[in-house]
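> The structure file coords36.cif (mmCIF, C-alpha atoms and all ligand atoms) is provided below.
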data_structure
#
loop_
_atom_site.group_PDB
_atom_site.id
_atom_site.type_symbol
_atom_site.label_atom_id
_atom_site.label_comp_id
_atom_site.auth_asym_id
_atom_site.auth_seq_id
_atom_site.Cartn_x
_atom_site.Cartn_y
_atom_site.Cartn_z
ATOM 1 C CA MET Z 6 24.957 26.668 -2.649
ATOM 2 C CA ARG Z 7 23.156 23.354 -2.426
ATOM 3 C CA ASP Z 8 20.669 24.753 0.114
ATOM 4 C CA LEU Z 9 20.100 27.765 -2.080
ATOM 5 C CA ALA Z 10 19.425 25.533 -5.075
ATOM 6 C CA ASP Z 11 17.028 23.409 -2.994
ATOM 7 C CA ALA Z 12 15.258 26.540 -1.799
ATOM 8 C CA ALA Z 13 14.918 27.799 -5.365
ATOM 9 C CA VAL Z 14 13.497 24.459 -6.469
ATOM 10 C CA SER Z 15 10.961 24.424 -3.645
ATOM 11 C CA ILE Z 16 9.813 27.938 -4.573
ATOM 12 C CA LEU Z 17 9.430 26.954 -8.211
ATOM 13 C CA TYR Z 18 7.957 23.554 -7.389
ATOM 14 C CA PRO Z 19 6.447 23.755 -3.925
ATOM 15 C CA ARG Z 20 5.454 20.444 -2.355
ATOM 16 C CA ARG Z 21 1.764 19.849 -2.921
ATOM 17 C CA CYS Z 22 -0.702 18.693 -0.329
ATOM 18 C CA PRO Z 23 -1.940 15.107 -0.818
ATOM 19 C CA VAL Z 24 -5.471 16.204 0.099
ATOM 20 C CA CYS Z 25 -6.116 19.602 -1.577
ATOM 21 C CA ASP Z 26 -3.208 19.461 -4.084
ATOM 22 C CA ARG Z 27 -2.320 23.108 -3.405
ATOM 23 C CA PRO Z 28 1.166 24.079 -2.162
ATOM 24 C CA VAL Z 29 1.372 22.808 1.409
ATOM 25 C CA GLU Z 30 0.581 25.313 4.160
ATOM 26 C CA PRO Z 31 2.788 25.875 6.108
ATOM 27 C CA ALA Z 32 5.650 25.379 3.618
ATOM 28 C CA GLY Z 33 7.923 22.523 4.659
ATOM 29 C CA ALA Z 34 5.089 20.368 6.051
ATOM 30 C CA LEU Z 35 3.928 17.165 4.318
ATOM 31 C CA ILE Z 36 0.224 18.079 4.484
ATOM 32 C CA CYS Z 37 -1.698 21.303 5.198
ATOM 33 C CA ARG Z 38 -2.756 22.001 8.703
ATOM 34 C CA GLY Z 39 -6.455 21.166 8.551
ATOM 35 C CA CYS Z 40 -6.390 18.900 5.491
ATOM 36 C CA GLU Z 41 -5.602 15.832 7.589
ATOM 37 C CA GLU Z 42 -9.037 16.163 9.185
ATOM 38 C CA LYS Z 43 -10.680 15.701 5.791
ATOM 39 C CA VAL Z 44 -9.488 12.117 5.287
ATOM 40 C CA GLY Z 45 -11.244 9.069 6.680
ATOM 41 C CA TYR Z 46 -9.065 6.779 8.768
ATOM 42 C CA VAL Z 47 -9.860 3.113 9.251
ATOM 43 C CA ARG Z 48 -11.198 2.640 12.767
ATOM 44 C CA GLU Z 49 -12.334 -0.304 14.880
ATOM 45 C CA PRO Z 50 -14.253 -2.526 14.510
ATOM 46 C CA VAL Z 51 -12.310 -4.074 11.619
ATOM 47 C CA CYS Z 52 -12.225 -7.516 9.997
ATOM 48 C CA MET Z 53 -9.874 -9.841 11.890
ATOM 49 C CA LYS Z 54 -8.390 -11.011 8.593
ATOM 50 C CA CYS Z 55 -8.133 -8.138 6.112
ATOM 51 C CA GLY Z 56 -8.594 -5.131 8.374
ATOM 52 C CA LYS Z 57 -11.608 -3.782 6.480
ATOM 53 C CA PRO Z 58 -13.964 -1.629 8.593
ATOM 54 C CA LEU Z 59 -17.053 -3.513 9.768
ATOM 55 C CA GLU Z 60 -20.564 -2.211 10.311
ATOM 56 C CA ASN Z 61 -20.956 -3.700 13.766
ATOM 57 C CA ALA Z 62 -18.610 -4.857 16.481
ATOM 58 C CA GLY Z 63 -20.345 -8.243 16.710
ATOM 59 C CA GLN Z 64 -18.867 -9.330 13.387
ATOM 60 C CA GLU Z 65 -15.472 -11.045 13.338
ATOM 61 C CA TYR Z 66 -14.910 -11.053 9.605
ATOM 62 C CA CYS Z 67 -16.075 -9.007 6.643
ATOM 63 C CA ARG Z 68 -18.373 -10.706 4.149
ATOM 64 C CA ASP Z 69 -15.503 -11.510 1.798
ATOM 65 C CA CYS Z 70 -13.240 -13.066 4.443
ATOM 66 C CA GLY Z 71 -16.227 -14.928 5.871
ATOM 67 C CA ILE Z 72 -16.678 -16.903 2.659
ATOM 68 C CA ARG Z 73 -13.161 -17.476 1.375
ATOM 69 C CA ASN Z 74 -9.622 -18.079 2.516
ATOM 70 C CA HIS Z 75 -6.672 -15.845 1.824
ATOM 71 C CA TYR Z 76 -3.020 -16.721 1.340
ATOM 72 C CA TYR Z 77 -1.879 -14.012 3.708
ATOM 73 C CA ASN Z 78 -2.011 -14.278 7.505
ATOM 74 C CA ARG Z 79 -3.473 -10.907 8.209
ATOM 75 C CA GLY Z 80 -3.576 -7.333 6.961
ATOM 76 C CA ALA Z 81 -4.262 -3.737 7.871
ATOM 77 C CA ALA Z 82 -4.914 -0.446 6.090
ATOM 78 C CA VAL Z 83 -4.793 3.228 7.013
ATOM 79 C CA PHE Z 84 -7.403 5.111 4.964
ATOM 80 C CA ILE Z 85 -10.953 4.546 3.816
ATOM 81 C CA TYR Z 86 -10.535 4.412 0.053
ATOM 82 C CA ARG Z 87 -13.370 6.734 -0.958
ATOM 83 C CA SER Z 88 -11.973 9.508 1.268
ATOM 84 C CA VAL Z 89 -8.590 9.495 -0.528
ATOM 85 C CA ASP Z 90 -9.518 8.206 -3.992
ATOM 86 C CA ARG Z 91 -8.647 11.451 -5.792
ATOM 87 C CA SER Z 92 -5.387 11.786 -3.889
ATOM 88 C CA ILE Z 93 -4.337 8.264 -4.855
ATOM 89 C CA TYR Z 94 -5.360 8.890 -8.453
ATOM 90 C CA ARG Z 95 -3.053 11.916 -8.673
ATOM 91 C CA PHE Z 96 -0.319 9.923 -6.928
ATOM 92 C CA LYS Z 97 -0.559 7.058 -9.407
ATOM 93 C CA TYR Z 98 -1.432 8.730 -12.674
ATOM 94 C CA GLU Z 99 -0.510 12.407 -12.427
ATOM 95 C CA GLY Z 100 3.046 12.184 -11.168
ATOM 96 C CA ARG Z 101 2.497 13.307 -7.588
ATOM 97 C CA GLN Z 102 5.291 11.107 -6.214
ATOM 98 C CA GLU Z 103 5.836 13.559 -3.371
ATOM 99 C CA TYR Z 104 2.640 12.343 -1.669
ATOM 100 C CA ALA Z 105 4.530 9.166 -0.739
ATOM 101 C CA ALA Z 106 6.300 11.028 2.071
ATOM 102 C CA TRP Z 107 3.060 11.694 3.922
ATOM 103 C CA TYR Z 108 1.492 8.345 2.988
ATOM 104 C CA GLY Z 109 4.517 6.419 4.242
ATOM 105 C CA GLU Z 110 4.712 8.413 7.431
ATOM 106 C CA GLU Z 111 1.020 7.810 8.181
ATOM 107 C CA MET Z 112 1.394 4.094 7.521
ATOM 108 C CA ALA Z 113 4.404 3.760 9.820
ATOM 109 C CA ARG Z 114 2.670 5.781 12.530
ATOM 110 C CA ARG Z 115 -0.850 4.357 12.389
ATOM 111 C CA LEU Z 116 0.247 0.737 11.933
ATOM 112 C CA ARG Z 117 3.087 0.812 14.463
ATOM 113 C CA ASP Z 118 1.430 -1.586 16.948
ATOM 114 C CA ARG Z 119 0.621 -4.092 14.220
ATOM 115 C CA LEU Z 120 4.134 -3.940 12.804
ATOM 116 C CA GLU Z 121 5.672 -4.433 16.244
ATOM 117 C CA LYS Z 122 3.514 -7.490 16.785
ATOM 118 C CA TRP Z 123 4.236 -8.989 13.362
ATOM 119 C CA ALA Z 124 7.974 -8.187 13.618
ATOM 120 C CA PRO Z 125 8.578 -8.577 9.857
ATOM 121 C CA ASP Z 126 12.006 -9.160 8.325
ATOM 122 C CA ALA Z 127 11.123 -7.083 5.280
ATOM 123 C CA LEU Z 128 8.587 -4.926 3.481
ATOM 124 C CA VAL Z 129 7.897 -6.184 -0.041
ATOM 125 C CA PRO Z 130 6.088 -3.751 -2.360
ATOM 126 C CA VAL Z 131 3.649 -5.135 -4.917
ATOM 127 C CA PRO Z 132 5.596 -4.672 -8.161
ATOM 128 C CA ILE Z 133 4.267 -3.266 -11.414
ATOM 129 C CA HIS Z 134 5.294 -4.711 -14.768
ATOM 130 C CA PRO Z 135 8.596 -3.310 -16.171
ATOM 131 C CA ALA Z 136 6.743 -1.933 -19.219
ATOM 132 C CA ARG Z 137 4.394 -0.006 -16.957
ATOM 133 C CA LEU Z 138 7.317 1.117 -14.811
ATOM 134 C CA ARG Z 139 9.059 2.567 -17.858
ATOM 135 C CA LYS Z 140 5.925 4.448 -18.845
ATOM 136 C CA ARG Z 141 5.025 5.752 -15.384
ATOM 137 C CA GLY Z 142 8.561 6.211 -14.130
ATOM 138 C CA TYR Z 143 7.865 4.859 -10.653
ATOM 139 C CA ASN Z 144 6.090 2.117 -8.767
ATOM 140 C CA GLN Z 145 3.624 3.780 -6.418
ATOM 141 C CA SER Z 146 3.698 0.901 -3.895
ATOM 142 C CA GLY Z 147 7.486 0.934 -3.995
ATOM 143 C CA LEU Z 148 7.549 4.632 -3.076
ATOM 144 C CA ILE Z 149 5.168 4.074 -0.165
ATOM 145 C CA ALA Z 150 7.190 1.073 1.053
ATOM 146 C CA GLU Z 151 10.455 3.067 0.948
ATOM 147 C CA GLU Z 152 9.019 5.947 2.977
ATOM 148 C CA MET Z 153 7.276 3.637 5.385
ATOM 149 C CA GLY Z 154 10.336 1.421 5.809
ATOM 150 C CA ARG Z 155 12.529 4.396 6.567
ATOM 151 C CA LYS Z 156 10.138 5.636 9.268
ATOM 152 C CA ALA Z 157 9.467 2.210 10.752
ATOM 153 C CA GLY Z 158 13.056 0.938 10.510
ATOM 154 C CA ILE Z 159 12.135 -2.083 8.370
ATOM 155 C CA PRO Z 160 14.171 -2.948 5.256
ATOM 156 C CA VAL Z 161 12.462 -2.916 1.854
ATOM 157 C CA ARG Z 162 13.198 -5.867 -0.424
ATOM 158 C CA GLN Z 163 12.309 -6.277 -4.104
ATOM 159 C CA TRP Z 164 11.784 -10.017 -3.807
ATOM 160 C CA VAL Z 165 8.857 -10.150 -6.216
ATOM 161 C CA ARG Z 166 8.789 -9.343 -9.905
ATOM 162 C CA ARG Z 167 5.738 -8.871 -12.077
ATOM 163 C CA VAL Z 168 6.256 -10.996 -15.148
ATOM 164 C CA VAL Z 169 2.843 -10.582 -16.767
ATOM 165 C CA ASP Z 170 1.237 -7.207 -17.377
ATOM 166 C CA THR Z 171 -2.259 -8.113 -16.245
ATOM 167 C CA ALA Z 172 -5.283 -6.511 -17.855
ATOM 168 C CA PRO Z 173 -6.951 -3.773 -15.801
ATOM 169 C CA GLN Z 174 -8.764 -5.556 -12.987
ATOM 170 C CA LYS Z 175 -11.718 -3.197 -12.822
ATOM 171 C CA GLY Z 176 -15.036 -4.753 -13.753
ATOM 172 C CA LEU Z 177 -13.814 -8.332 -13.447
ATOM 173 C CA GLY Z 178 -15.182 -10.886 -10.999
ATOM 174 C CA ILE Z 179 -13.052 -12.366 -8.244
ATOM 175 C CA ALA Z 180 -12.475 -15.663 -10.081
ATOM 176 C CA GLU Z 181 -11.366 -13.847 -13.224
ATOM 177 C CA ARG Z 182 -9.049 -11.540 -11.309
ATOM 178 C CA GLN Z 183 -7.454 -14.468 -9.535
ATOM 179 C CA LYS Z 184 -6.973 -16.349 -12.777
ATOM 180 C CA ASN Z 185 -5.326 -13.301 -14.355
ATOM 181 C CA LEU Z 186 -3.012 -12.863 -11.439
ATOM 182 C CA GLU Z 187 -2.014 -16.469 -10.804
ATOM 183 C CA LYS Z 188 1.011 -16.370 -13.025
ATOM 184 C CA ALA Z 189 1.698 -12.656 -12.862
ATOM 185 C CA PHE Z 190 4.251 -12.740 -10.041
ATOM 186 C CA LYS Z 191 7.615 -14.407 -9.693
ATOM 187 C CA ILE Z 192 9.927 -14.592 -6.677
ATOM 188 C CA VAL Z 193 13.427 -13.530 -7.625
ATOM 189 C CA SER Z 194 15.332 -14.150 -4.388
ATOM 190 C CA SER Z 195 15.962 -17.232 -2.262
ATOM 191 C CA GLU Z 196 16.215 -14.942 0.776
ATOM 192 C CA VAL Z 197 12.440 -15.197 1.175
ATOM 193 C CA LYS Z 198 12.780 -18.599 2.817
ATOM 194 C CA SER Z 199 11.573 -18.722 6.444
ATOM 195 C CA LYS Z 200 11.095 -14.954 6.493
ATOM 196 C CA SER Z 201 8.217 -12.960 7.892
ATOM 197 C CA VAL Z 202 7.129 -10.572 5.179
ATOM 198 C CA VAL Z 203 4.791 -7.590 4.890
ATOM 199 C CA VAL Z 204 3.451 -6.976 1.381
ATOM 200 C CA VAL Z 205 2.848 -3.271 0.708
ATOM 201 C CA ASP Z 206 0.104 -2.175 -1.686
ATOM 202 C CA ASP Z 207 -1.679 1.088 -2.413
ATOM 203 C CA ILE Z 208 -5.289 -0.110 -2.504
ATOM 204 C CA TYR Z 209 -6.913 -3.264 -1.148
ATOM 205 C CA THR Z 210 -10.275 -4.147 -2.674
ATOM 206 C CA THR Z 211 -10.956 -7.853 -3.156
ATOM 207 C CA GLY Z 212 -7.448 -8.824 -2.110
ATOM 208 C CA ALA Z 213 -6.782 -10.648 -5.385
ATOM 209 C CA THR Z 214 -3.451 -8.915 -5.973
ATOM 210 C CA VAL Z 215 -2.183 -9.296 -2.410
ATOM 211 C CA ASP Z 216 -3.292 -12.944 -2.424
ATOM 212 C CA ALA Z 217 -1.406 -13.656 -5.645
ATOM 213 C CA VAL Z 218 1.776 -12.114 -4.207
ATOM 214 C CA ALA Z 219 1.288 -13.875 -0.856
ATOM 215 C CA CYS Z 220 0.764 -17.194 -2.657
ATOM 216 C CA ALA Z 221 4.032 -16.771 -4.566
ATOM 217 C CA LEU Z 222 5.905 -15.805 -1.386
ATOM 218 C CA ARG Z 223 4.567 -18.829 0.494
ATOM 219 C CA ARG Z 224 5.494 -21.177 -2.322
ATOM 220 C CA ALA Z 225 9.010 -19.759 -2.101
ATOM 221 C CA GLY Z 226 9.101 -20.613 1.594
ATOM 222 C CA ALA Z 227 8.066 -17.437 3.403
ATOM 223 C CA ALA Z 228 7.078 -18.295 6.978
ATOM 224 C CA ARG Z 229 4.411 -15.642 7.360
ATOM 225 C CA VAL Z 230 2.935 -13.091 4.984
ATOM 226 C CA PHE Z 231 1.063 -10.003 6.122
ATOM 227 C CA PHE Z 232 -0.037 -7.004 4.122
ATOM 228 C CA VAL Z 233 -0.456 -3.301 4.678
ATOM 229 C CA ALA Z 234 -2.406 -1.095 2.295
ATOM 230 C CA LEU Z 235 -2.582 2.659 2.071
ATOM 231 C CA ALA Z 236 -6.338 2.485 1.532
ATOM 232 C CA ILE Z 237 -9.080 -0.104 1.743
ATOM 233 C CA GLY Z 238 -12.683 -0.304 0.562
ATOM 234 C CA ASP Z 239 -15.249 -0.180 3.340
ATOM 235 C CA MET Z 240 -17.915 -2.360 1.738
ATOM 236 C CA ASN Z 241 -18.543 -5.474 3.782
HETATM 237 ZN ZN ZN L 1 -4.145 20.751 1.787
HETATM 238 ZN ZN ZN L 2 -11.944 -9.169 5.669
#
Starting from the file, give its structure as C-alpha cells.


Amino acid sequence: MRDLADAAVSILYPRRCPVCDRPVEPAGALICRGCEEKVGYVREPVCMKCGKPLENAGQEYCRDCGIRNHYYNRGAAVFIYRSVDRSIYRFKYEGRQEYAAWYGEEMARRLRDRLEKWAPDALVPVPIHPARLRKRGYNQSGLIAEEMGRKAGIPVRQWVRRVVDTAPQKGLGIAERQKNLEKAFKIVSSEVKSKSVVVVDDIYTTGATVDAVACALRRAGAARVFFVALAIGDMN
C-alpha cells in the first residue's frame, strides 16, 4: 500500500531535474541523462585557499585570498556558480528541495579526496535566521549537508545558530558584509571544542559568510575549520 501511495505521489509530483527543471528522464534518476553535461564543474588549477578556479596554473592563490586572510583553513566547491545559478535560485526560492539529493551526492562524490584528507568530525551547515526558516520552510544549506553527510558518512551537527537576520549581502562591499555578519552567528554547543569541522554553504562568493561562521567556531575552540560550497564564483 505504501509503495502504491509513493508511486501515485511520484506520478502526480515527479522529481524534477536540477538542470532543466522538467520531470527527470529516466524516472527514478536524480538528474536527466545528458543534463549533467550542461553544468560547469570546478577544475584545476584552483586557489590553494578557497578552491576558486584560477586563470593560470602559475598562480597559487586567487586575487581575494592573495590580499586577505580567512578564518577557515581551506575550502572547496563543486560547481561554477554561473553554470548553476538558475538551478540554485529555484532550489532556494521556488521550493525545489528535491534538488538537494543530487547536489549532496555530487558534493560527496567530487570532494571525496578532500574530505578523506581533512577527516572532519562533523559537517556544520550555515544556518539561516529562524524567521527566514519559518517563511521558507527549509534551510537550503542544511538540506545539502544532510544529503552529503549521508553519502559521505559524516555526521551533520547544528552547532551554529543565526541570531541576527542580516540584510541582503548583494551590492555591499567586503568590509560592510563582514561588519554585518560579525555578530550574526552564535555557537550553541560546547561539543565544538577541539573538533575538525566542515562548514557547508550553497554559494561562496567573497567568503564573508563562511569566514563569520569559521570565526565563531574557532572562538568556541574548533581545532580546524574547512568549508565546502555547492557553487563558487570564478572571478579571480
Ligand atoms: Zn534535465
Ligand atoms: Zn582563493

> Pick from Z:Tyr209, Z:Trp107, Z:Tyr86, Z:Tyr98: nearest to ligand ZN 2 (chain L), with all atoms listed in the file counted?

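When distances to ligand ZN 2 (chain L) are compared using all atoms listed in the file, the smallest one comes from Z:Tyr209.
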
> Please return as a list in words every residue within 6 Å of (-0.3, -0.6, 4.4), taking into account only C-alpha atoms and the file's own coordinates.

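In the file's frame, the residues around the point are Ala82, Met112, Val205, Val233, Ala234 and Leu235 of chain Z.
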
> List every residue of chain Z that has an atom at most 10 Å from any atom of ligand ZN 2 (chain L), and for each one report the closest atom pair and its distance in Å to one decimal, counting all atoms listed in the file, with rows sorted by chain and then by increasing residue number, as a tab-separated table.


residue	atom	partner	partner_atom	distance
Z:Val51	CA	L:ZN2	ZN	7.8
Z:Cys52	CA	L:ZN2	ZN	4.6
Z:Met53	CA	L:ZN2	ZN	6.6
Z:Lys54	CA	L:ZN2	ZN	5.0
Z:Cys55	CA	L:ZN2	ZN	4.0
Z:Gly56	CA	L:ZN2	ZN	5.9
Z:Lys57	CA	L:ZN2	ZN	5.5
Z:Pro58	CA	L:ZN2	ZN	8.3
Z:Leu59	CA	L:ZN2	ZN	8.7
Z:Glu65	CA	L:ZN2	ZN	8.6
Z:Tyr66	CA	L:ZN2	ZN	5.3
Z:Cys67	CA	L:ZN2	ZN	4.2
Z:Arg68	CA	L:ZN2	ZN	6.8
Z:Asp69	CA	L:ZN2	ZN	5.8
Z:Cys70	CA	L:ZN2	ZN	4.3
Z:Gly71	CA	L:ZN2	ZN	7.2
Z:Ile72	CA	L:ZN2	ZN	9.6
Z:Arg73	CA	L:ZN2	ZN	9.4
Z:Asn74	CA	L:ZN2	ZN	9.7
Z:His75	CA	L:ZN2	ZN	9.3
Z:Arg79	CA	L:ZN2	ZN	9.0
Z:Gly80	CA	L:ZN2	ZN	8.7
Z:Ala81	CA	L:ZN2	ZN	9.7
Z:Thr210	CA	L:ZN2	ZN	9.9
Z:Thr211	CA	L:ZN2	ZN	9.0
Z:Gly212	CA	L:ZN2	ZN	9.0
Z:Asp239	CA	L:ZN2	ZN	9.9
Z:Met240	CA	L:ZN2	ZN	9.9
Z:Asn241	CA	L:ZN2	ZN	7.8

> Which residues are near ligand ZN 1 (chain L) - at most 12 Å, using only C-alpha atoms and all ligand atoms? Format: as a short mmCIF file (atom, residue, chain, number, x, y, z; two decimals) with C-alpha atoms, in the frame of the given file.


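New file out14.cif:
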data_model
loop_
_atom_site.label_atom_id
_atom_site.label_comp_id
_atom_site.auth_asym_id
_atom_site.auth_seq_id
_atom_site.Cartn_x
_atom_site.Cartn_y
_atom_site.Cartn_z
CA ARG Z 20 5.45 20.44 -2.36
CA ARG Z 21 1.76 19.85 -2.92
CA CYS Z 22 -0.70 18.69 -0.33
CA PRO Z 23 -1.94 15.11 -0.82
CA VAL Z 24 -5.47 16.20 0.10
CA CYS Z 25 -6.12 19.60 -1.58
CA ASP Z 26 -3.21 19.46 -4.08
CA ARG Z 27 -2.32 23.11 -3.40
CA PRO Z 28 1.17 24.08 -2.16
CA VAL Z 29 1.37 22.81 1.41
CA GLU Z 30 0.58 25.31 4.16
CA PRO Z 31 2.79 25.88 6.11
CA ALA Z 32 5.65 25.38 3.62
CA ALA Z 34 5.09 20.37 6.05
CA LEU Z 35 3.93 17.16 4.32
CA ILE Z 36 0.22 18.08 4.48
CA CYS Z 37 -1.70 21.30 5.20
CA ARG Z 38 -2.76 22.00 8.70
CA GLY Z 39 -6.46 21.17 8.55
CA CYS Z 40 -6.39 18.90 5.49
CA GLU Z 41 -5.60 15.83 7.59
CA GLU Z 42 -9.04 16.16 9.18
CA LYS Z 43 -10.68 15.70 5.79
CA VAL Z 44 -9.49 12.12 5.29
CA SER Z 92 -5.39 11.79 -3.89
CA TYR Z 104 2.64 12.34 -1.67
CA TRP Z 107 3.06 11.69 3.92
#

> Determine the nearest neighbour of Z:Ile85 from the options Z:Trp123, Z:Phe232, Z:Tyr108, Z:Tyr46, counting all atoms listed in the file.

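Selected residue with least distance to Z:Ile85: Z:Tyr46.
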
> Would you mind reading off the distance between atom CA of Z:Ser199 and atom CA of Z:Val129, one decimal, in Å?

14.6 Å

> What's the 12 Å shell around Z:Gly178, counting only C-alpha atoms, without same-chain residues fewer than 4 positions away, as a list in words?

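Once the nearby chain positions are removed, what remains is Pro173, Gln174, Arg182, Gln183, Lys184, Asn185, Thr210, Thr211, Gly212 and Ala213 of chain Z.
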
> Kindly indicate which residue among Z:Arg167, Z:Arg223, Z:Arg101, Z:Arg119 lies nearest to Z:Phe190, using only C-alpha atoms for the distances.

Z:Arg167

> Taking only C-alpha atoms into account, which of Z:Gly154, Z:Gly226, Z:Gly147, Z:Pro135 comes nearest Z:Thr171?

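Among the listed residues, Z:Pro135 lies closest to Z:Thr171.
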
> One decimal, Å: what's the distance from atom CA of Z:Lys198 over to atom CA of Z:Ala113, could you say?

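Interatomic distance, atom CA of Z:Lys198 to atom CA of Z:Ala113: 24.9 Å.
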
> Record the distance separating atom CA of Z:Ala10 and atom CA of Z:Lys156, expressed in Å with one decimal.

26.2 Å

> Please list, as a short mmCIF file (atom, residue, chain, number, x, y, z; two decimals) with C-alpha atoms, in the coordinates of the input, the residues that have an atom at most 10 Å away from (12.9, -1.1, 9.6) in the coordinates of this file, counting only C-alpha atoms.


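Wrote part-v1.cif, looks like this:
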data_model
loop_
_atom_site.label_atom_id
_atom_site.label_comp_id
_atom_site.auth_asym_id
_atom_site.auth_seq_id
_atom_site.Cartn_x
_atom_site.Cartn_y
_atom_site.Cartn_z
CA ALA Z 113 4.40 3.76 9.82
CA LEU Z 120 4.13 -3.94 12.80
CA ALA Z 124 7.97 -8.19 13.62
CA PRO Z 125 8.58 -8.58 9.86
CA ASP Z 126 12.01 -9.16 8.32
CA ALA Z 127 11.12 -7.08 5.28
CA LEU Z 128 8.59 -4.93 3.48
CA GLU Z 151 10.46 3.07 0.95
CA MET Z 153 7.28 3.64 5.38
CA GLY Z 154 10.34 1.42 5.81
CA ARG Z 155 12.53 4.40 6.57
CA LYS Z 156 10.14 5.64 9.27
CA ALA Z 157 9.47 2.21 10.75
CA GLY Z 158 13.06 0.94 10.51
CA ILE Z 159 12.14 -2.08 8.37
CA PRO Z 160 14.17 -2.95 5.26
CA VAL Z 161 12.46 -2.92 1.85
#

> Given 4 Å on each side, where is the centre and what are the edge lengths in Å to one decimal of the axis-aligned box enclosing the listed atoms of stretch 94-113 of chain Z, as AutoDock Vina command-line options?


--center_x 0.5 --center_y 8.7 --center_z -1.4 --size_x 19.7 --size_y 17.8 --size_z 30.5

> Closest to Z:Ala228 among Z:Tyr76, Z:Asp118, Z:Gly109, Z:Glu99, using all atoms listed in the file?

Z:Tyr76

> Using all atoms listed in the file, which residue out of Z:Phe96, Z:Asp206, Z:Glu152, Z:Ala136 lies closest to Z:Glu111?

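Between Z:Phe96, Z:Asp206, Z:Glu152, Z:Ala136, the residue approaching Z:Glu111 most closely is Z:Glu152.
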
> With the file shown as input, list the residues that the PyMOL selection byres (((chain Z and resi 195) around 10) and not hetatm) selects, as a list in words.

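Selection result, ordered by chain and number: Trp164, Ile192, Val193, Ser194, Glu196, Val197, Lys198, Ser199, Ala225, Gly226 and Ala227 of chain Z.
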
> Hey, what comes out of the PyMOL selection byres (((chain Z and resi 220) around 9) and not hetatm) on this file? Could you write it as a list of chain:residue names?

Z:His75, Z:Tyr76, Z:Tyr77, Z:Glu187, Z:Val215, Z:Asp216, Z:Ala217, Z:Val218, Z:Ala219, Z:Ala221, Z:Leu222, Z:Arg223, Z:Arg224, Z:Ala225, Z:Val230
